[in-house]
file upload30.txt (compact mmCIF, C-alpha atoms)
# COMPACT_ATOMS: atom_id res chain seq x y z
CA MET A 1 174.60 41.65 235.42
CA LYS A 2 174.70 39.29 232.49
CA ASN A 3 174.55 42.29 230.20
CA LEU A 4 177.46 43.92 231.96
CA SER A 5 179.72 40.95 231.29
CA ARG A 6 178.50 40.73 227.69
CA TYR A 7 179.33 44.33 226.97
CA THR A 8 182.64 44.15 228.79
CA GLY A 9 183.53 41.11 226.70
CA ALA A 10 182.57 42.90 223.49
CA PHE A 11 184.59 45.93 224.56
CA VAL A 12 187.77 43.97 225.24
CA LEU A 13 187.41 41.90 222.09
CA LEU A 14 186.89 44.95 219.87
CA ILE A 15 189.83 46.84 221.37
CA VAL A 16 192.12 43.83 220.99
CA LEU A 17 191.02 43.30 217.39
CA GLN A 18 191.58 46.97 216.67
CA LEU A 19 195.05 47.17 218.19
CA LEU A 20 196.43 43.88 216.98
CA ILE A 21 194.86 43.58 213.54
CA PHE A 22 193.10 46.65 212.23
CA ASN A 23 195.75 49.17 213.27
CA ASN A 24 198.16 47.23 211.07
CA ILE A 25 196.10 47.32 207.90
CA GLU A 26 198.10 49.22 205.35
CA PHE A 27 196.41 50.00 202.12
CA SER A 28 198.26 52.93 200.57
CA GLY A 29 197.36 55.15 203.51
CA TYR A 30 193.78 55.61 202.41
CA VAL A 31 192.13 52.89 204.41
CA ASN A 32 192.36 53.02 208.20
CA PRO A 33 189.39 51.08 209.56
CA TYR A 34 188.49 51.78 213.19
CA ILE A 35 186.14 48.94 213.99
CA TYR A 36 186.15 49.54 217.74
CA VAL A 37 183.36 52.13 217.11
CA MET A 38 181.09 49.09 216.99
CA PHE A 39 181.07 49.16 220.78
CA ILE A 40 179.21 52.47 220.71
CA LEU A 41 176.82 51.13 218.09
CA ILE A 42 175.77 48.02 219.97
CA LEU A 43 175.00 49.63 223.34
CA PRO A 44 171.29 49.13 224.16
CA PHE A 45 168.58 51.48 222.88
CA SER A 46 167.67 52.44 226.43
CA ILE A 47 171.09 53.70 227.51
CA PRO A 48 170.88 57.25 228.92
CA SER A 49 172.70 59.69 226.68
CA TRP A 50 175.00 61.00 229.42
CA PHE A 51 176.15 57.47 230.17
CA LEU A 52 176.65 56.81 226.48
CA LEU A 53 178.89 59.88 226.24
CA ILE A 54 181.01 58.78 229.18
CA LEU A 55 181.40 55.25 227.83
CA ALA A 56 182.30 56.69 224.43
CA PHE A 57 184.92 58.92 226.00
CA LEU A 58 186.46 56.02 227.91
CA THR A 59 186.51 53.84 224.80
CA GLY A 60 188.37 56.50 222.86
CA LEU A 61 190.75 57.10 225.71
CA VAL A 62 191.71 53.42 225.92
CA VAL A 63 192.44 53.31 222.19
CA ASP A 64 194.40 56.56 222.52
CA LEU A 65 196.55 55.19 225.31
CA PHE A 66 197.57 52.24 223.24
CA SER A 67 198.14 54.05 219.98
CA GLY A 68 199.96 57.09 221.37
CA THR A 69 197.46 59.67 220.17
CA LEU A 70 196.14 61.04 223.47
CA GLY A 71 192.76 62.70 223.01
CA VAL A 72 192.27 62.19 219.28
CA HIS A 73 190.18 59.02 219.44
CA ALA A 74 188.40 60.26 222.57
CA PHE A 75 187.29 63.35 220.66
CA ALA A 76 185.94 61.27 217.78
CA THR A 77 184.16 58.69 219.92
CA VAL A 78 182.43 61.37 221.99
CA MET A 79 181.27 62.93 218.74
CA ALA A 80 179.92 59.53 217.62
CA GLY A 81 178.26 58.99 221.00
CA PHE A 82 176.64 62.41 220.73
CA VAL A 83 175.08 61.83 217.32
CA ARG A 84 173.93 58.27 217.99
CA PRO A 85 170.66 59.17 219.80
CA TRP A 86 169.82 61.66 217.02
CA ILE A 87 170.34 59.08 214.35
CA LEU A 88 168.22 56.62 216.32
CA THR A 89 165.34 59.11 216.52
CA LEU A 90 165.65 59.96 212.83
CA ASN A 91 165.64 56.36 211.97
CA ILE A 92 163.42 54.70 214.51
CA THR A 93 162.02 51.33 213.64
CA SER A 94 158.76 49.79 214.76
CA GLN A 95 160.70 46.73 215.75
CA VAL A 96 162.04 48.20 218.99
CA THR A 97 159.92 46.13 221.31
CA ASP A 98 162.40 45.76 224.11
CA PRO A 99 164.35 48.98 224.79
CA ASP A 100 167.07 47.02 226.60
CA MET A 101 168.16 45.17 223.52
CA SER A 102 171.03 46.37 221.40
CA PRO A 103 170.62 47.58 217.81
CA SER A 104 171.48 44.73 215.48
CA LEU A 105 171.27 43.46 211.98
CA TYR A 106 169.30 40.47 213.10
CA ARG A 107 166.45 42.38 214.73
CA ASN A 108 166.37 45.62 212.84
CA GLY A 109 167.12 44.44 209.35
CA LEU A 110 170.05 45.03 207.03
CA ARG A 111 168.87 48.35 205.57
CA TRP A 112 168.21 49.91 208.92
CA PHE A 113 171.43 48.64 210.44
CA PHE A 114 173.49 49.68 207.44
CA PHE A 115 172.18 53.25 207.49
CA TYR A 116 172.67 53.51 211.24
CA THR A 117 176.22 52.12 211.11
CA VAL A 118 177.36 54.11 208.12
CA THR A 119 176.22 57.45 209.62
CA VAL A 120 177.78 56.97 213.02
CA VAL A 121 181.00 55.58 211.52
CA PHE A 122 181.19 58.48 209.08
CA VAL A 123 180.82 61.07 211.86
CA HIS A 124 183.48 59.25 213.88
CA HIS A 125 185.98 58.93 211.03
CA LEU A 126 185.47 62.48 209.81
CA SER A 127 186.09 64.01 213.21
CA LEU A 128 188.96 61.60 213.86
CA PHE A 129 190.84 62.36 210.66
CA LEU A 130 190.29 66.09 210.90
CA VAL A 131 191.36 66.30 214.52
CA GLU A 132 194.35 64.05 213.85
CA LEU A 133 195.59 66.45 211.19
CA PHE A 134 194.17 69.62 212.68
CA THR A 135 193.98 71.40 209.36
CA PHE A 136 191.54 71.78 206.51
CA SER A 137 194.28 71.92 203.92
CA ASN A 138 194.17 68.94 201.60
CA PHE A 139 190.57 68.56 202.66
CA PHE A 140 189.54 66.44 199.69
CA HIS A 141 192.39 64.06 200.24
CA THR A 142 191.24 63.70 203.85
CA LEU A 143 187.63 63.31 202.76
CA LEU A 144 188.60 60.51 200.39
CA ARG A 145 190.41 58.75 203.23
CA VAL A 146 187.31 59.21 205.42
CA LEU A 147 184.96 57.77 202.80
CA LEU A 148 187.11 54.76 201.97
CA SER A 149 187.80 53.99 205.62
CA THR A 150 184.11 54.39 206.47
CA ALA A 151 183.22 51.86 203.78
CA VAL A 152 185.71 49.31 205.06
CA THR A 153 184.81 49.85 208.73
CA THR A 154 181.10 49.51 207.95
CA PHE A 155 181.75 46.31 206.05
CA PHE A 156 183.58 44.77 208.99
CA ILE A 157 181.03 45.94 211.56
CA ILE A 158 178.19 44.39 209.56
CA LEU A 159 180.24 41.22 209.21
CA PHE A 160 180.90 41.11 212.95
CA ASP A 161 177.27 41.78 213.73
CA PHE A 162 176.35 38.90 211.48
CA ILE A 163 178.47 36.44 213.45
CA ARG A 164 177.78 37.98 216.87
CA PRO A 165 176.05 35.62 219.31
CA ARG A 166 172.33 36.34 219.52
CA ARG A 167 170.59 36.63 222.78
CA MET B 1 169.07 79.65 241.02
CA ARG B 2 166.22 77.40 240.22
CA SER B 3 166.09 78.41 236.59
CA LEU B 4 169.84 77.85 236.37
CA LEU B 5 169.39 74.33 237.70
CA ASN B 6 166.55 73.76 235.27
CA PHE B 7 168.72 74.97 232.46
CA LEU B 8 171.57 72.66 233.48
CA LEU B 9 169.21 69.72 233.75
CA ARG B 10 167.61 70.41 230.42
CA PHE B 11 170.87 70.64 228.56
CA ARG B 12 172.82 68.14 230.62
CA THR B 13 173.69 65.96 227.63
CA LEU B 14 174.88 68.91 225.57
CA ILE B 15 176.88 70.26 228.49
CA LEU B 16 178.46 66.88 229.18
CA PHE B 17 179.24 66.56 225.48
CA LEU B 18 180.97 69.94 225.43
CA ILE B 19 182.92 69.17 228.59
CA LEU B 20 184.14 65.81 227.28
CA GLU B 21 185.17 67.29 223.93
CA ALA B 22 186.99 70.08 225.76
CA VAL B 23 188.84 67.50 227.86
CA ALA B 24 189.78 65.61 224.68
CA LEU B 25 191.09 68.79 223.06
CA VAL B 26 193.10 69.70 226.15
CA LEU B 27 194.62 66.21 226.06
CA ILE B 28 195.44 66.60 222.39
CA PHE B 29 197.07 69.99 222.83
CA SER B 30 198.99 69.09 225.94
CA SER B 31 200.45 66.03 224.26
CA HIS B 32 200.65 67.49 220.79
CA SER B 33 204.08 68.92 220.98
CA TYR B 34 205.82 65.96 219.50
CA HIS B 35 208.51 66.06 222.09
CA GLN B 36 206.10 64.76 224.67
CA THR B 37 204.21 62.32 222.53
CA VAL B 38 205.37 59.47 224.64
CA ALA B 39 205.03 60.91 228.10
CA TYR B 40 202.97 57.95 229.20
CA GLY B 41 205.66 55.33 229.27
CA ALA B 42 203.60 52.56 230.82
CA ALA B 43 201.23 52.08 227.93
CA ARG B 44 204.16 52.34 225.56
CA THR B 45 206.04 49.60 227.31
CA VAL B 46 203.04 47.28 227.11
CA SER B 47 202.32 47.93 223.46
CA GLY B 48 206.05 47.84 222.69
CA PHE B 49 206.27 44.42 224.28
CA VAL B 50 203.36 43.07 222.23
CA ALA B 51 204.69 44.60 219.03
CA LYS B 52 208.09 43.04 219.66
CA ARG B 53 206.58 39.57 219.83
CA ILE B 54 204.68 40.08 216.59
CA ASN B 55 207.73 41.43 214.87
CA ALA B 56 209.95 38.57 215.91
CA GLY B 57 207.97 36.37 213.54
CA ALA B 58 207.78 38.87 210.70
CA ASN B 59 211.52 39.57 210.79
CA TYR B 60 212.36 36.01 209.90
CA PHE B 61 210.94 36.38 206.45
CA MET B 62 213.02 39.42 205.64
CA LEU B 63 216.42 37.85 206.35
CA ARG B 64 217.44 37.60 202.74
CA ARG B 65 216.87 41.25 201.95
CA VAL B 66 218.42 42.34 205.24
CA ASN B 67 221.54 40.39 204.40
CA GLU B 68 221.84 42.01 201.03
CA GLU B 69 221.54 45.43 202.56
CA LEU B 70 224.16 44.62 205.17
CA VAL B 71 226.61 43.44 202.54
CA ALA B 72 226.09 46.64 200.59
CA GLU B 73 226.63 48.71 203.69
CA ASN B 74 229.78 46.78 204.62
CA ILE B 75 231.26 47.56 201.27
CA MET B 76 230.44 51.22 201.61
CA LEU B 77 232.01 51.35 205.08
CA ARG B 78 235.12 49.57 203.88
CA ARG B 79 235.57 52.18 201.20
CA ARG B 80 235.15 54.95 203.64
CA LEU B 81 237.65 53.36 205.99
CA GLU B 82 240.20 53.31 203.25
CA GLN B 83 239.71 56.96 202.46
CA MET B 84 240.05 57.78 206.10
CA GLY B 85 243.32 55.90 206.50
CA ALA B 86 244.74 57.84 203.58
CA GLY B 87 243.69 61.12 205.09
CA MET B 88 245.11 60.38 208.50
CA GLN B 89 248.65 59.91 207.32
CA GLU B 90 248.91 63.55 206.45
CA HIS B 91 249.12 64.45 210.10
CA PHE B 92 252.28 64.30 212.13
CA LEU B 93 250.82 64.44 215.53
CA THR B 94 249.17 61.47 217.16
CA VAL B 95 246.26 62.17 219.44
CA ASP B 96 245.61 59.60 222.08
CA ASP B 97 241.86 60.01 222.15
CA SER B 98 239.48 57.50 220.69
CA LEU B 99 236.98 60.30 220.10
CA PHE B 100 239.43 62.52 218.23
CA GLY B 101 237.87 63.72 215.03
CA VAL B 102 234.68 61.82 215.78
CA SER B 103 231.51 63.84 216.11
CA TYR B 104 228.82 61.22 215.72
CA SER B 105 228.35 57.82 217.30
CA TYR B 106 226.11 55.05 216.06
CA LEU B 107 223.99 52.38 217.67
CA GLU B 108 222.08 49.73 215.80
CA ALA B 109 218.43 49.09 216.62
CA LYS B 110 215.53 46.96 215.48
CA VAL B 111 212.16 48.31 214.43
CA VAL B 112 209.45 46.75 216.61
CA ASN B 113 206.51 48.82 215.47
CA ASN B 114 206.03 50.93 212.40
CA SER B 115 203.24 52.56 210.49
CA ILE B 116 203.01 54.32 207.17
CA ASN B 117 199.26 54.59 206.83
CA LYS B 118 198.56 57.59 209.02
CA GLN B 119 199.26 61.25 208.54
CA LYS B 120 201.45 61.20 211.63
CA ASN B 121 203.51 58.08 211.59
CA PHE B 122 205.77 56.92 214.37
CA ILE B 123 208.25 54.06 214.64
CA THR B 124 209.10 52.16 217.82
CA LEU B 125 212.65 50.86 218.29
CA ASP B 126 213.91 48.27 220.76
CA ARG B 127 216.49 50.64 222.24
CA GLY B 128 215.79 53.02 225.08
CA SER B 129 217.41 55.14 227.75
CA ARG B 130 219.13 52.02 229.09
CA HIS B 131 221.10 51.89 225.89
CA GLY B 132 221.86 55.58 225.96
CA VAL B 133 219.17 56.77 223.59
CA THR B 134 218.04 60.34 224.18
CA ARG B 135 215.44 62.56 222.57
CA GLY B 136 216.55 64.35 219.45
CA MET B 137 218.80 61.59 218.15
CA GLY B 138 218.63 60.97 214.42
CA VAL B 139 217.60 57.61 213.00
CA ALA B 140 218.71 56.26 209.64
CA SER B 141 218.84 52.94 207.87
CA SER B 142 221.47 51.74 205.46
CA THR B 143 219.34 53.22 202.70
CA GLY B 144 218.89 56.68 204.20
CA VAL B 145 217.20 58.95 206.72
CA VAL B 146 214.33 57.47 208.75
CA GLY B 147 213.37 59.97 211.46
CA VAL B 148 214.14 61.58 214.81
CA VAL B 149 213.71 60.15 218.32
CA VAL B 150 210.87 61.96 220.12
CA GLY B 151 210.28 59.76 223.13
CA VAL B 152 212.32 57.36 225.23
CA SER B 153 211.38 54.78 227.84
CA PRO B 154 213.92 52.47 229.52
CA ARG B 155 213.70 49.79 226.85
CA TYR B 156 212.03 51.43 223.87
CA SER B 157 212.18 54.63 221.97
CA VAL B 158 209.68 56.21 219.62
CA VAL B 159 210.79 57.87 216.44
CA MET B 160 208.90 60.50 214.51
CA SER B 161 209.05 59.09 211.03
CA LEU B 162 209.94 61.09 207.95
CA LEU B 163 206.39 60.15 207.03
CA ASN B 164 204.91 62.50 209.59
CA ALA B 165 203.14 65.69 208.66
CA ASP B 166 205.07 67.53 211.37
CA PHE B 167 208.53 66.37 210.36
CA ARG B 168 210.93 68.90 208.85
CA LEU B 169 214.41 68.02 207.68
CA SER B 170 217.11 70.37 206.50
CA ALA B 171 218.27 68.76 203.25
CA SER B 172 220.41 69.89 200.36
CA ILE B 173 220.98 69.00 196.74
CA ALA B 174 224.28 67.11 196.77
CA ARG B 175 225.51 68.45 193.43
CA ASN B 176 225.33 72.17 194.21
CA ASP B 177 224.76 72.32 197.98
CA TYR B 178 221.59 74.43 197.81
CA PHE B 179 219.60 73.58 200.89
CA GLY B 180 215.91 73.60 201.64
CA SER B 181 213.35 72.10 203.94
CA LEU B 182 212.08 68.59 203.32
CA ALA B 183 208.60 67.60 204.44
CA TRP B 184 206.22 64.78 203.71
CA ASP B 185 203.17 65.64 201.62
CA GLY B 186 201.02 63.03 203.37
CA ILE B 187 200.05 61.21 200.22
CA SER B 188 202.51 58.51 199.18
CA HIS B 189 205.00 56.87 201.50
CA ARG B 190 207.67 56.98 198.81
CA TYR B 191 207.65 60.72 198.08
CA ALA B 192 208.33 63.95 199.94
CA THR B 193 208.70 67.60 198.98
CA LEU B 194 211.85 69.69 199.17
CA SER B 195 210.83 73.34 199.35
CA GLU B 196 212.58 76.71 199.66
CA ILE B 197 214.92 76.11 196.74
CA PRO B 198 215.55 79.38 194.83
CA HIS B 199 214.29 79.65 191.27
CA HIS B 200 217.67 80.02 189.60
CA VAL B 201 218.98 76.69 190.83
CA ARG B 202 219.32 74.24 188.01
CA ILE B 203 218.01 70.87 188.86
CA THR B 204 218.15 67.60 187.00
CA GLU B 205 216.02 64.55 187.38
CA GLY B 206 217.86 62.06 189.56
CA ASP B 207 219.87 64.61 191.55
CA THR B 208 220.75 63.23 194.95
CA ILE B 209 219.26 64.85 198.04
CA VAL B 210 221.29 64.53 201.24
CA THR B 211 221.07 65.89 204.77
CA SER B 212 222.61 69.33 205.13
CA GLY B 213 224.06 68.74 208.59
CA TYR B 214 222.78 72.12 209.76
CA SER B 215 220.69 70.70 212.55
CA ALA B 216 223.39 68.57 214.22
CA ILE B 217 220.89 65.73 214.34
CA PHE B 218 222.19 64.08 211.21
CA PRO B 219 225.74 64.30 209.87
CA ALA B 220 225.96 66.11 206.56
CA GLY B 221 225.75 64.01 203.42
CA LEU B 222 223.43 61.26 204.63
CA LEU B 223 221.24 60.05 201.77
CA VAL B 224 217.61 61.19 201.74
CA GLY B 225 216.40 60.52 198.22
CA THR B 226 216.53 61.57 194.60
CA LEU B 227 214.68 64.20 192.63
CA THR B 228 211.94 62.89 190.40
CA GLY B 229 212.01 65.99 188.22
CA GLU B 230 208.53 67.08 189.13
CA GLN B 231 208.48 70.60 190.50
CA GLU B 232 206.08 73.26 191.52
CA ARG B 233 206.77 76.94 190.99
CA GLY B 234 205.03 79.21 193.38
CA GLY B 235 206.02 82.35 195.23
CA ASP B 236 209.71 82.92 195.44
CA PHE B 237 210.79 79.34 195.70
CA LEU B 238 210.64 75.98 194.00
CA SER B 239 209.11 72.91 195.54
CA LEU B 240 210.72 69.74 194.30
CA ASN B 241 209.31 66.25 194.45
CA VAL B 242 211.74 63.83 196.07
CA MET B 243 211.63 60.05 195.89
CA LEU B 244 212.75 58.84 199.29
CA SER B 245 215.59 56.35 199.28
CA THR B 246 214.27 54.55 202.35
CA ASP B 247 211.18 52.46 201.84
CA SER B 248 209.56 52.83 205.26
CA LYS B 249 207.21 50.02 204.44
CA ARG B 250 209.99 47.47 204.84
CA LEU B 251 212.09 48.78 207.63
CA THR B 252 213.76 46.30 209.98
CA ASN B 253 217.29 47.34 210.90
CA VAL B 254 218.12 50.95 211.58
CA PHE B 255 220.80 52.83 213.44
CA LEU B 256 220.59 55.67 215.90
CA ILE B 257 222.90 58.63 215.43
CA GLY B 258 224.11 60.43 218.51
CA SER B 259 225.87 63.72 218.01
CA LEU B 260 228.70 63.99 220.50
CA ASN B 261 229.21 67.73 220.17
CA ARG B 262 225.61 68.72 219.75
CA GLU B 263 225.26 70.35 223.13
CA GLU B 264 228.41 72.39 222.76
CA ARG B 265 227.32 73.56 219.34
CA HIS B 266 223.79 74.29 220.44
CA ASN B 267 224.94 76.24 223.49
CA LEU B 268 227.28 78.34 221.40
CA GLU B 269 224.57 79.08 218.86
CA VAL B 270 222.11 80.07 221.56
CA GLU B 271 224.67 82.20 223.37
CA VAL B 272 225.62 84.17 220.30
CA THR B 273 222.11 84.76 219.00
CA ARG B 274 220.74 85.81 222.35

call {"tool": "encode", "arguments": {"input": "upload30.txt", "output": "structure tokens"}}
result
Amino acid sequence: MKNLSRYTGAFVLLIVLQLLIFNNIEFSGYVNPYIYVMFILILPFSIPSWFLLILAFLTGLVVDLFSGTLGVHAFATVMAGFVRPWILTLNITSQVTDPDMSPSLYRNGLRWFFFYTVTVVFVHHLSLFLVELFTFSNFFHTLLRVLLSTAVTTFFIILFDFIRPRR
Amino acid sequence: MRSLLNFLLRFRTLILFLILEAVALVLIFSSHSYHQTVAYGAARTVSGFVAKRINAGANYFMLRRVNEELVAENIMLRRRLEQMGAGMQEHFLTVDDSLFGVSYSYLEAKVVNNSINKQKNFITLDRGSRHGVTRGMGVASSTGVVGVVVGVSPRYSVVMSLLNADFRLSASIARNDYFGSLAWDGISHRYATLSEIPHHVRITEGDTIVTSGYSAIFPAGLLVGTLTGEQERGGDFLSLNVMLSTDSKRLTNVFLIGSLNREERHNLEVEVTR
């Protein structure tokens, strides 16, 4: 029950930050950070993958509703939710003592958390930007946008994880 | 039956994944025609309200520049008025109709939300169906073309910006009237590409690009931008690089352009070509 309110709080906070601040970042069109993906990253290790997918879909849908891009974010978040368990198995740490805890910088170390974040964020941004445009023309321009935005998003997620209250 | 159930159970995550992605794609395609982008008015109204509050503060710091632009526009209008008065006197008859000779009407609006950093940029205005805004109206600022209204709620309307990968504008070179199709290249918010210009057309750096008036959304002769001189030869046509006259990054006051005879013209065109 306590967890439920914690995750709901994190969800609302991330969405509000995304809509009010990060959607307004304008840096020559190359950097569009989508930090709300952090919600998918911090869900506990033990979450069943079907539930993760549904939460990911809902997260994307909420962002879509408020930014007028119905379906685009939902597509990308589901993609991120789908790859997350794979990345966790690829990259399992011995430090997972309690499966109910959420992946974090504090418990799993910077290197682990960085790799985990950067992969999921990259998958999310790549599918988002490709689906948004729906074309492979100008692919390298899109790829550059993906890489730069991934770097900025990762930076902010690590920063937020650093200041996140620890259980 | 049993093996089917086993199969479903075994691949339940993959199946759920595929279903959710399919739902997302259906949502994208059903809302992708940009005429329905804003079908869900409720969310729009909420985000429009928030954006309006944020903008109220930001607007204050732009007053100086806005004033300058308004002065410049006043002067331009005054000149036009004078020309008009001179033209009118050539007629004997008086027509008692305030709409005589008028084919476009204008309504000023404020930008409450704007983006330039996506590939598909939209602008929200504080005018909606209550103020008579309808889909398909043109939007321009005192510096030039801005976009076309694609969605309307009672108090707000959403404009597909010139900086949208799906936007096409019929534009012509003012000096020789050759027209082509203007589209954004998705890279810089200051430049767009005018394509479908025949090879033999002579162009000069700095040539003015204006709306052609062929679409009845914008009146002919509205400023779009100037040629930078860069061009690309390919196929049968030239593609010219155009520097847009409107800097979408600092857009505050715009006006909506309603075409009074658009329906009549459209109906006639449809009737004849059918």

call {"tool": "residues_near_point", "arguments": {"input": "upload30.txt", "point": "(214.9, 55.6, 209.1)", "cutoff": "9 Å", "atoms": "all atoms listed in the file", "output": "list in words"}}
result
Ile123, Gly138, Val139, Ala140, Ser141, Ser142, Thr143, Gly144, Val145, Val146, Gly147, Val148, Val159, Ser161, Leu162, Thr246, Asp247, Ser248, Leu251, Asn253, Val254, Phe255 and Leu256 of chain B

call {"tool": "closest_atom_pairs", "arguments": {"input": "upload30.txt", "of": "chain B", "to": "chain A", "cutoff": "6 Å", "atoms": "all atoms listed in the file", "output": "CSV"}}
result
residue,atom,partner,partner_atom,distance
B:Thr13,CA,A:Trp50,CA,5.4
B:Glu21,CA,A:Phe75,CA,5.5
B:Ala24,CA,A:Gly71,CA,4.5
B:Leu27,CA,A:Gly71,CA,5.0
B:Ile28,CA,A:Gly71,CA,4.8
B:Ala43,CA,A:Phe66,CA,6.0
B:Asn117,CA,A:Gly29,CA,3.9

call {"tool": "closest_residue", "arguments": {"input": "upload30.txt", "among": "A:Ile87, A:Leu148, A:Leu105, A:Leu17", "to": "A:Val37", "atoms": "only C-alpha atoms"}}
result
A:Leu17

call {"tool": "atom_distance", "arguments": {"input": "upload30.txt", "atom1": "atom CA of A:Pro99", "atom2": "atom CA of A:Leu43"}}
result
10.8 Å

call {"tool": "residues_around", "arguments": {"input": "upload30.txt", "residues": "stretch 198-203 of chain B", "least_positions_apart": "2", "cutoff": "7 Å", "atoms": "all atoms listed in the file", "output": "ChimeraX atom specification"}}
result
/B:196,205,236-238

call {"tool": "residues_around", "arguments": {"input": "upload30.txt", "residues": "A:Val121", "least_positions_apart": "6", "cutoff": "9 Å", "atoms": "all atoms listed in the file", "output": "ChimeraX atom specification"}}
result
/A:34-35,37-38,41,80,150-151,153-154

call {"tool": "atom_distance", "arguments": {"input": "upload30.txt", "atom1": "atom CA of B:Leu182", "atom2": "atom CA of B:Val210"}}
result
10.3 Å

call {"tool": "residues_near_point", "arguments": {"input": "upload30.txt", "point": "(222.5, 61.9, 216.6)", "cutoff": "9 Å", "atoms": "all atoms listed in the file", "output": "ChimeraX atom specification"}}
result
/B:104-106,134,136-139,148,216-219,256-260,262

call {"tool": "atom_distance", "arguments": {"input": "upload30.txt", "atom1": "atom CA of A:Asp98", "atom2": "atom CA of A:Trp112"}}
result
16.8 Å

call {"tool": "closest_residue", "arguments": {"input": "upload30.txt", "among": "A:Phe22, A:Phe39, A:Phe139, A:Tyr106", "to": "A:Val152", "atoms": "all atoms listed in the file"}}
result
A:Phe22

call {"tool": "closest_residue", "arguments": {"input": "upload30.txt", "among": "B:Arg155, B:Glu263, B:Met1, B:Glu73", "to": "B:Lys52", "atoms": "only C-alpha atoms"}}
result
B:Arg155

call {"tool": "closest_residue", "arguments": {"input": "upload30.txt", "among": "A:Asn108, A:Thr119, A:Thr89, A:Asn3", "to": "A:Val146", "atoms": "only C-alpha atoms"}}
result
A:Thr119

call {"tool": "closest_residue", "arguments": {"input": "upload30.txt", "among": "B:Ile116, B:Leu81, B:Val149, B:Leu25", "to": "A:Leu128", "atoms": "all atoms listed in the file"}}
result
B:Leu25
